[in-house]
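Asker: Pasting structure.txt here (compact mmCIF, C-alpha atoms):
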```txt
# COMPACT_ATOMS: atom_id res chain seq x y z
CA MET Q 768 171.57 -0.62 210.78
CA LYS Q 769 174.24 1.96 211.51
CA LEU Q 770 177.86 1.69 212.57
CA LYS Q 771 179.28 4.88 214.08
CA LEU Q 772 182.81 5.83 215.07
CA CYS Q 773 184.10 8.70 217.20
CA VAL Q 774 187.80 9.05 217.98
CA PHE Q 775 188.25 10.73 221.36
CA SER Q 776 192.01 11.16 220.91
CA SER Q 777 194.78 9.87 218.68
CA GLY Q 778 198.52 10.25 219.26
CA SER Q 779 201.18 10.01 221.92
CA ASP Q 780 199.02 12.07 224.30
CA GLY Q 781 196.40 9.34 224.39
CA ASN Q 782 194.32 7.01 222.23
CA SER Q 783 190.70 6.04 222.67
CA SER Q 784 187.73 5.54 220.31
CA LEU Q 785 184.05 4.64 220.56
CA LEU Q 786 182.58 2.22 218.02
CA GLU Q 787 178.82 1.97 218.17
CA SER Q 788 176.24 -0.20 216.43
CA ASP Q 789 172.49 -0.44 216.89
CA ASN Q 790 172.97 -3.05 219.61
CA GLY Q 791 176.48 -2.63 220.99
CA LYS Q 792 179.11 -0.13 222.12
CA ILE Q 793 182.84 -0.78 222.23
CA LEU Q 794 185.82 1.25 223.43
CA ILE Q 795 189.07 0.73 221.55
CA ASP Q 796 191.94 1.57 223.90
CA VAL Q 797 191.57 3.74 227.00
CA GLY Q 798 194.65 5.97 226.84
CA LEU Q 799 192.86 8.90 228.49
CA THR Q 800 191.76 9.26 232.09
CA ARG Q 801 188.44 7.68 232.97
CA LYS Q 802 187.06 11.17 233.58
CA ALA Q 803 188.05 12.33 230.08
CA ILE Q 804 186.59 9.18 228.52
CA CYS Q 805 183.31 9.67 230.43
CA GLU Q 806 183.14 13.29 229.25
CA ASN Q 807 183.59 12.16 225.66
CA LEU Q 808 181.00 9.42 226.08
CA GLU Q 809 178.54 11.97 227.40
CA LYS Q 810 179.02 14.04 224.23
CA SER Q 811 178.06 10.88 222.33
CA ALA Q 812 174.95 10.46 224.50
CA THR Q 813 176.51 7.39 226.12
CA ASP Q 814 177.40 6.35 229.66
CA MET Q 815 180.25 4.08 230.75
CA SER Q 816 177.63 1.61 232.00
CA GLU Q 817 176.52 1.10 228.38
CA ILE Q 818 179.93 -0.03 227.15
CA ASP Q 819 179.85 -3.73 226.28
CA ALA Q 820 183.59 -4.31 225.91
CA ILE Q 821 187.01 -2.66 225.80
CA PHE Q 822 189.69 -3.79 223.35
CA ILE Q 823 193.31 -2.98 224.22
CA THR Q 824 195.98 -2.92 221.49
CA HIS Q 825 199.02 -2.99 223.82
CA GLU Q 826 200.34 -1.90 227.20
CA HIS Q 827 201.88 1.52 226.49
CA ILE Q 828 200.49 4.28 228.69
CA ASP Q 829 198.96 6.26 225.83
CA HIS Q 830 196.66 3.27 225.25
CA VAL Q 831 195.89 2.16 228.83
CA LYS Q 832 196.06 5.30 230.98
CA GLY Q 833 192.47 4.97 232.20
CA LEU Q 834 192.36 1.19 232.46
CA LEU Q 835 193.11 0.75 236.17
CA VAL Q 836 190.40 3.16 237.30
CA ILE Q 837 187.92 1.70 234.82
CA LEU Q 838 188.61 -1.82 236.09
CA LYS Q 839 188.03 -0.60 239.65
CA LYS Q 840 184.81 1.27 238.94
CA ASP Q 841 183.17 -0.41 235.97
CA ASN Q 842 182.19 -3.99 235.25
CA ILE Q 843 183.34 -4.10 231.62
CA LYS Q 844 184.92 -7.05 229.82
CA THR Q 845 188.36 -6.01 228.66
CA TYR Q 846 190.10 -7.94 225.90
CA MET Q 847 193.89 -8.04 225.51
CA THR Q 848 196.63 -10.43 224.48
CA LYS Q 849 198.46 -12.60 226.96
CA GLY Q 850 201.59 -10.51 226.33
CA THR Q 851 199.77 -7.28 227.14
CA PHE Q 852 198.38 -8.86 230.31
CA GLU Q 853 201.87 -10.00 231.32
CA ALA Q 854 203.13 -6.45 230.86
CA LEU Q 855 200.30 -5.02 232.97
CA LYS Q 856 199.97 -7.65 235.69
CA GLY Q 857 202.52 -5.90 237.90
CA CYS Q 858 199.45 -3.88 238.84
CA SER Q 859 197.69 -6.03 241.46
CA PHE Q 860 194.22 -4.88 240.45
CA VAL Q 861 194.81 -5.97 236.86
CA ARG Q 862 196.26 -9.26 238.07
CA ASN Q 863 193.38 -9.94 240.46
CA ASN Q 864 190.45 -9.22 238.13
CA PRO Q 865 190.16 -12.35 235.98
CA ASP Q 866 186.41 -11.90 235.59
CA ASN Q 867 186.85 -8.62 233.72
CA ILE Q 868 189.99 -9.37 231.73
CA LYS Q 869 189.62 -11.71 228.77
CA LEU Q 870 192.77 -12.95 227.06
CA LEU Q 871 192.74 -13.17 223.28
CA GLU Q 872 193.26 -16.80 222.37
CA GLU Q 873 196.12 -17.65 220.07
CA LYS Q 874 195.69 -20.55 217.66
CA LYS Q 875 198.98 -22.14 216.60
CA LYS Q 876 198.06 -23.89 213.40
CA GLU Q 877 197.95 -23.40 209.68
CA GLY Q 878 194.83 -21.58 208.67
CA ILE Q 879 193.30 -18.23 207.93
CA ILE Q 880 196.58 -16.40 208.27
CA LYS Q 881 200.22 -17.22 208.76
CA ILE Q 882 202.50 -14.58 210.26
CA ILE Q 883 206.20 -14.76 210.97
CA LYS Q 884 206.53 -13.17 214.39
CA ARG Q 885 208.98 -13.55 217.25
CA ASP Q 886 208.86 -17.34 217.64
CA GLU Q 887 208.55 -17.83 213.86
CA ASN Q 888 205.44 -19.96 214.28
CA GLY Q 889 202.35 -19.41 212.20
CA PHE Q 890 199.39 -18.26 214.25
CA TYR Q 891 196.20 -16.29 214.25
CA TYR Q 892 193.88 -15.14 217.02
CA GLU Q 893 190.45 -16.53 217.70
CA ALA Q 894 187.68 -14.18 216.61
CA ILE Q 895 185.33 -12.79 219.26
CA ASN Q 896 181.62 -12.00 219.31
CA VAL Q 897 180.50 -9.02 221.39
CA LYS Q 898 176.82 -8.16 220.96
CA ASP Q 899 176.44 -7.72 217.18
CA PHE Q 900 180.18 -7.23 216.58
CA TYR Q 901 182.48 -9.87 215.16
CA VAL Q 902 186.04 -8.93 216.10
CA ILE Q 903 189.22 -10.36 214.55
CA PRO Q 904 192.47 -9.48 216.36
CA ILE Q 905 195.47 -9.17 214.04
CA PRO Q 906 199.20 -9.00 214.92
CA THR Q 907 201.05 -5.71 214.80
CA PHE Q 908 204.79 -5.18 215.13
CA HIS Q 909 205.74 -2.77 217.88
CA ASP Q 910 208.10 -2.59 220.85
CA ALA Q 911 205.45 -4.07 223.11
CA LEU Q 912 205.11 -7.64 224.38
CA GLU Q 913 202.27 -8.68 222.07
CA SER Q 914 200.55 -5.81 220.30
CA VAL Q 915 197.52 -6.21 218.05
CA GLY Q 916 195.16 -4.35 215.80
CA PHE Q 917 191.54 -5.27 215.14
CA ILE Q 918 189.04 -5.84 212.38
CA PHE Q 919 185.52 -5.00 213.53
CA ILE Q 920 182.67 -6.46 211.49
CA ASN Q 921 179.02 -5.52 211.89
CA ASN Q 922 176.17 -6.12 209.46
CA MET Q 923 178.63 -6.65 206.57
CA LYS Q 924 180.47 -3.43 207.39
CA ARG Q 925 184.19 -3.83 208.13
CA PHE Q 926 186.41 -1.42 210.06
CA VAL Q 927 190.18 -1.96 210.26
CA TYR Q 928 192.00 -0.43 213.24
CA ILE Q 929 195.83 -0.49 213.17
CA THR Q 930 198.17 1.82 215.07
CA ASP Q 931 201.61 1.46 216.66
CA THR Q 932 203.30 -0.87 214.21
CA GLY Q 933 206.58 -0.76 212.35
CA TYR Q 934 204.97 -2.36 209.32
CA VAL Q 935 201.86 -4.22 208.24
CA HIS Q 936 202.74 -7.77 207.22
CA ASN Q 937 201.62 -8.52 203.67
CA ALA Q 938 200.10 -11.80 204.89
CA LEU Q 939 197.44 -9.61 206.51
CA PHE Q 940 196.41 -7.92 203.29
CA ASN Q 941 193.78 -10.49 202.35
CA LEU Q 942 192.14 -10.03 205.74
CA ILE Q 943 192.07 -6.25 205.68
CA GLU Q 944 191.45 -5.59 201.99
CA ASN Q 945 188.41 -3.65 200.76
CA ALA Q 946 187.16 -2.65 204.21
CA ASP Q 947 184.56 0.08 204.53
CA ALA Q 948 186.76 2.15 206.84
CA TYR Q 949 190.38 2.21 207.98
CA LEU Q 950 192.05 3.85 210.94
CA LEU Q 951 195.73 3.44 210.12
CA GLU Q 952 198.81 4.97 211.69
CA SER Q 953 200.64 7.63 209.66
CA ASN Q 954 203.10 8.60 212.34
CA HIS Q 955 206.05 10.49 210.91
CA ASP Q 956 208.05 11.83 208.02
CA PRO Q 957 211.50 10.20 208.22
CA GLU Q 958 213.40 13.33 207.12
CA ILE Q 959 211.77 15.48 209.79
CA LEU Q 960 212.29 12.75 212.37
CA LEU Q 961 216.00 12.36 211.58
CA SER Q 962 216.59 16.12 211.70
CA SER Q 963 214.66 16.52 214.98
CA ASP Q 964 216.19 16.99 218.42
CA ARG Q 965 215.01 13.57 219.56
CA PRO Q 966 217.67 11.19 220.94
CA TYR Q 967 219.30 8.93 218.37
CA ASN Q 968 218.04 5.76 220.06
CA LEU Q 969 214.46 7.04 219.94
CA LYS Q 970 214.79 7.88 216.25
CA MET Q 971 216.06 4.39 215.50
CA ARG Q 972 213.27 2.84 217.58
CA ILE Q 973 210.60 4.75 215.65
CA LEU Q 974 212.15 3.87 212.27
CA SER Q 975 212.56 0.17 213.11
CA ASP Q 976 210.29 -2.72 212.12
CA HIS Q 977 208.88 -2.57 215.66
CA GLY Q 978 208.40 1.18 215.74
CA HIS Q 979 205.84 3.32 213.93
CA LEU Q 980 204.54 3.54 210.37
CA SER Q 981 205.91 6.40 208.29
CA ASN Q 982 203.63 8.35 205.97
CA LEU Q 983 204.96 6.48 202.93
CA ASP Q 984 204.57 3.03 204.46
CA SER Q 985 201.07 3.89 205.62
CA MET Q 986 200.00 5.09 202.16
CA LEU Q 987 201.54 2.06 200.44
CA THR Q 988 199.63 -0.23 202.81
CA LEU Q 989 196.39 1.57 202.03
CA ALA Q 990 197.06 1.60 198.29
CA LYS Q 991 197.49 -2.17 198.34
CA THR Q 992 194.41 -2.92 200.44
CA ILE Q 993 191.58 -0.43 199.98
CA GLY Q 994 188.81 -1.19 197.49
CA GLU Q 995 185.48 -0.10 196.11
CA ASN Q 996 183.82 -0.50 199.53
CA THR Q 997 186.24 1.93 201.17
CA LYS Q 998 184.57 5.22 202.04
CA LEU Q 999 186.49 6.42 205.13
CA ILE Q 1000 190.24 6.58 205.83
CA MET Q 1001 191.56 8.00 209.09
CA HIS Q 1002 195.26 8.87 209.36
CA ALA Q 1003 196.10 8.21 213.01
CA HIS Q 1004 198.77 8.48 215.72
CA ILE Q 1005 200.38 11.46 213.97
CA SER Q 1006 203.54 12.85 215.54
CA GLN Q 1007 203.12 16.49 216.56
CA GLU Q 1008 206.87 17.10 216.22
CA CYS Q 1009 207.84 14.95 213.24
CA ASN Q 1010 204.95 15.22 210.79
CA LEU Q 1011 202.85 17.78 208.95
CA THR Q 1012 199.34 17.65 207.53
CA GLN Q 1013 200.64 18.91 204.17
CA ILE Q 1014 203.21 16.12 203.95
CA ILE Q 1015 200.63 13.45 204.80
CA GLU Q 1016 198.36 14.74 202.02
CA LEU Q 1017 201.19 15.07 199.50
CA GLU Q 1018 202.44 11.56 200.23
CA ARG Q 1019 198.93 10.18 199.91
CA ASP Q 1020 198.27 11.98 196.63
CA LYS Q 1021 201.59 10.80 195.19
CA VAL Q 1022 201.12 7.14 196.13
CA PHE Q 1023 197.44 6.95 195.19
CA LYS Q 1024 198.15 8.57 191.83
CA GLU Q 1025 200.91 6.04 191.21
CA TYR Q 1026 198.48 3.19 192.01
CA GLU Q 1027 195.71 4.87 189.94
CA ILE Q 1028 193.31 4.97 192.87
CA ASP Q 1029 190.14 7.03 192.47
CA THR Q 1030 189.55 8.87 195.77
CA LYS Q 1031 186.51 10.94 194.92
CA ASP Q 1032 184.19 8.84 197.10
CA ILE Q 1033 186.59 8.51 200.06
CA ASP Q 1034 186.44 10.76 203.12
CA PHE Q 1035 189.95 11.38 204.48
CA VAL Q 1036 190.42 12.41 208.11
CA ILE Q 1037 193.67 13.49 209.74
CA LEU Q 1038 193.25 12.69 213.43
CA ARG Q 1039 194.68 14.80 216.23
CA PRO Q 1040 194.83 14.47 220.04
CA PHE Q 1041 191.33 15.86 220.44
CA ARG Q 1042 187.85 14.60 219.72
CA SER Q 1043 186.80 13.97 216.14
CA LYS Q 1044 183.27 14.31 214.90
CA GLU Q 1045 181.15 11.17 214.68
CA TYR Q 1046 181.48 9.24 211.44
CA GLU Q 1047 179.07 6.69 210.02
CA ILE Q 1048 180.71 3.66 208.50
```
Mind turning the file's structure into structure tokens?
Answerer:
Amino acid sequence: MKLKLCVFSSGSDGNSSLLESDNGKILIDVGLTRKAICENLEKSATDMSEIDAIFITHEHIDHVKGLLVILKKDNIKTYMTKGTFEALKGCSFVRNNPDNIKLLEEKKKEGIIKIIKRDENGFYYEAINVKDFYVIPIPTFHDALESVGFIFINNMKRFVYITDTGYVHNALFNLIENADAYLLESNHDPEILLSSDRPYNLKMRILSDHGHLSNLDSMLTLAKTIGENTKLIMHAHISQECNLTQIIELERDKVFKEYEIDTKDIDFVILRPFRSKEYEI
């Protein structure tokens, strides 16, 4: 059995990916127009009618740009948190389509994971089965109402998808460790960001615990979680103004050397706001 991934776009211009198994096809975020997503699906020999589910990380436009038109035209189950739904329900079509929108269920109890977040209660999200995928939503920390990442499991293969977060809580590490593939935000270099022409408030937002992962924080998270199963690492949501490929690679080499991580069997991909090739996980 095969698990394939194609990233249609990654970054502030739009985010959307196709994850495909032998029996199921999932879109992760729809931050491009429906037309652009359909064009990318066609290149993957897929039609929108074949998509089994859409998983939304949060409500920002670069992750939901195509959602309204997709909800109008396509009968696809779309999973999101209650917070994301609350942020989007000002749109009447989102509000009035309960059959298509599925809210991720929050379990307030001690258990698999305990996260300190907003209300300081421990919680985790109920896992979901879609076709032959087992999907575990995980909390992220961003300036959105209730943002999440996901762990996708299929035939013992595990893919961790985390973007748009100020940090990755160490209580998550046991859940995400030793996955086969990671798509993890590596948004900015703090020195370039601070010296940029961006407004001060925006700089502070990006650097905050509810902003975006820096290169260093991203590499430290990876160094503490990847394992012998890890064969693919995608650096995602990279700032076009406040980051450089060379800095991402240098930061990764420095941190991985410090943690004595052997990378010879790992494929590293630096994602951009255009289609990647298809990768087998």
Asker: Counting all atoms listed in the file, which residue out of Q:Thr992, Q:Thr997, Q:Thr824, Q:Ser784 sits closest to Lys849 of chain Q?
Answerer: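 Closest to Lys849 of chain Q, using all atoms listed in the file: Q:Thr824.
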Asker: For a quick check of understanding, using only C-alpha atoms, which of Q:Asp956, Q:Lys1031, Q:Glu944, Q:Tyr1046 has the smallest distance to Gln1013 of chain Q?
Answerer: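 Closest to Gln1013 of chain Q, using only C-alpha atoms: Q:Asp956.
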Asker: What is the distance between atom CA of His830 of chain Q and atom CA of His1004 of chain Q, in Å to one decimal?
Answerer: 11.1 Å
Asker: I'd like a table as CSV: residues in segment 915-1016 of chain Q with an atom no more than 7 Å from segment 888-906 of chain Q, each row giving the shortest atom pair and its distance in Å to one decimal, all atoms listed in the file counted, sorted by chain and rising residue number.
Answerer:
```
residue,atom,partner,partner_atom,distance
Q:Val915,CA,Q:Pro906,CA,4.5
Q:Gly916,CA,Q:Ile905,CA,5.1
Q:Phe917,CA,Q:Pro904,CA,4.5
Q:Ile918,CA,Q:Ile903,CA,5.0
Q:Phe919,CA,Q:Val902,CA,4.7
Q:Ile920,CA,Q:Tyr901,CA,5.0
Q:Asn921,CA,Q:Phe900,CA,5.1
```
Asker: Between atom CA of Asp829 of chain Q and atom CA of Ala812 of chain Q, what is the spacing in Å?
Answerer: 24.4 Å
Asker: Just want the 10 Å neighbourhood of Asp866 of chain Q, counted on all atoms listed in the file, with same-chain residues fewer than 3 positions away dropped. Output as a CSV table (one decimal) with C-alpha atoms, in the frame of the given file.
Answerer:
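Saved as around-v1.csv:
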```csv
chain,number,residue,atom,x,y,z
Q,842,ASN,CA,182.2,-4.0,235.2
Q,843,ILE,CA,183.3,-4.1,231.6
Q,844,LYS,CA,184.9,-7.0,229.8
Q,845,THR,CA,188.4,-6.0,228.7
Q,863,ASN,CA,193.4,-9.9,240.5
Q,869,LYS,CA,189.6,-11.7,228.8
```
Asker: Residues near Lys832 of chain Q, anyone? I mean within 8 Å using all atoms listed in the file, not counting same-chain ones fewer than 3 positions away, as a short mmCIF file (atom, residue, chain, number, x, y, z; two decimals) with C-alpha atoms, in the coordinates of the input.
Answerer:
```
data_model
loop_
_atom_site.label_atom_id
_atom_site.label_comp_id
_atom_site.auth_asym_id
_atom_site.auth_seq_id
_atom_site.Cartn_x
_atom_site.Cartn_y
_atom_site.Cartn_z
CA GLY Q 781 196.40 9.34 224.39
CA VAL Q 797 191.57 3.74 227.00
CA GLY Q 798 194.65 5.97 226.84
CA LEU Q 799 192.86 8.90 228.49
CA THR Q 800 191.76 9.26 232.09
CA ILE Q 828 200.49 4.28 228.69
CA ASP Q 829 198.96 6.26 225.83
CA LEU Q 835 193.11 0.75 236.17
#
```
Asker: Atom CA of Leu834 of chain Q and atom CA of Leu808 of chain Q, how far apart in Å?
Answerer: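 Atom-to-atom, atom CA of Leu808 of chain Q and atom CA of Leu834 of chain Q are spaced 15.4 Å apart.
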Asker: Near Asp1029 of chain Q, counting all atoms listed in the file, which residues have an atom at most 10 Å away, once you skip same-chain residues fewer than 5 positions from it, shown as JSON, numbers by chain?
Answerer: {"Q": [994, 995, 1023, 1024]}
Asker: Write a file of the selected residues as a JSON list (two decimals), keeping the file's coordinate frame, keeping C-alpha atoms.
Answerer:
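As a result, out_11.json now contains:
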```json
[["chain", "number", "residue", "atom", "x", "y", "z"],
["Q", 994, "GLY", "CA", 188.81, -1.19, 197.49],
["Q", 995, "GLU", "CA", 185.48, -0.10, 196.11],
["Q", 1023, "PHE", "CA", 197.44, 6.95, 195.19],
["Q", 1024, "LYS", "CA", 198.15, 8.57, 191.83]]
```
Asker: Nearest to Leu772 of chain Q: which of Q:Ile959, Q:Leu785, Q:Leu794, Q:Val927 is it, counting only C-alpha atoms?
Answerer: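 Closest to Leu772 of chain Q of all the choices is Q:Leu785.
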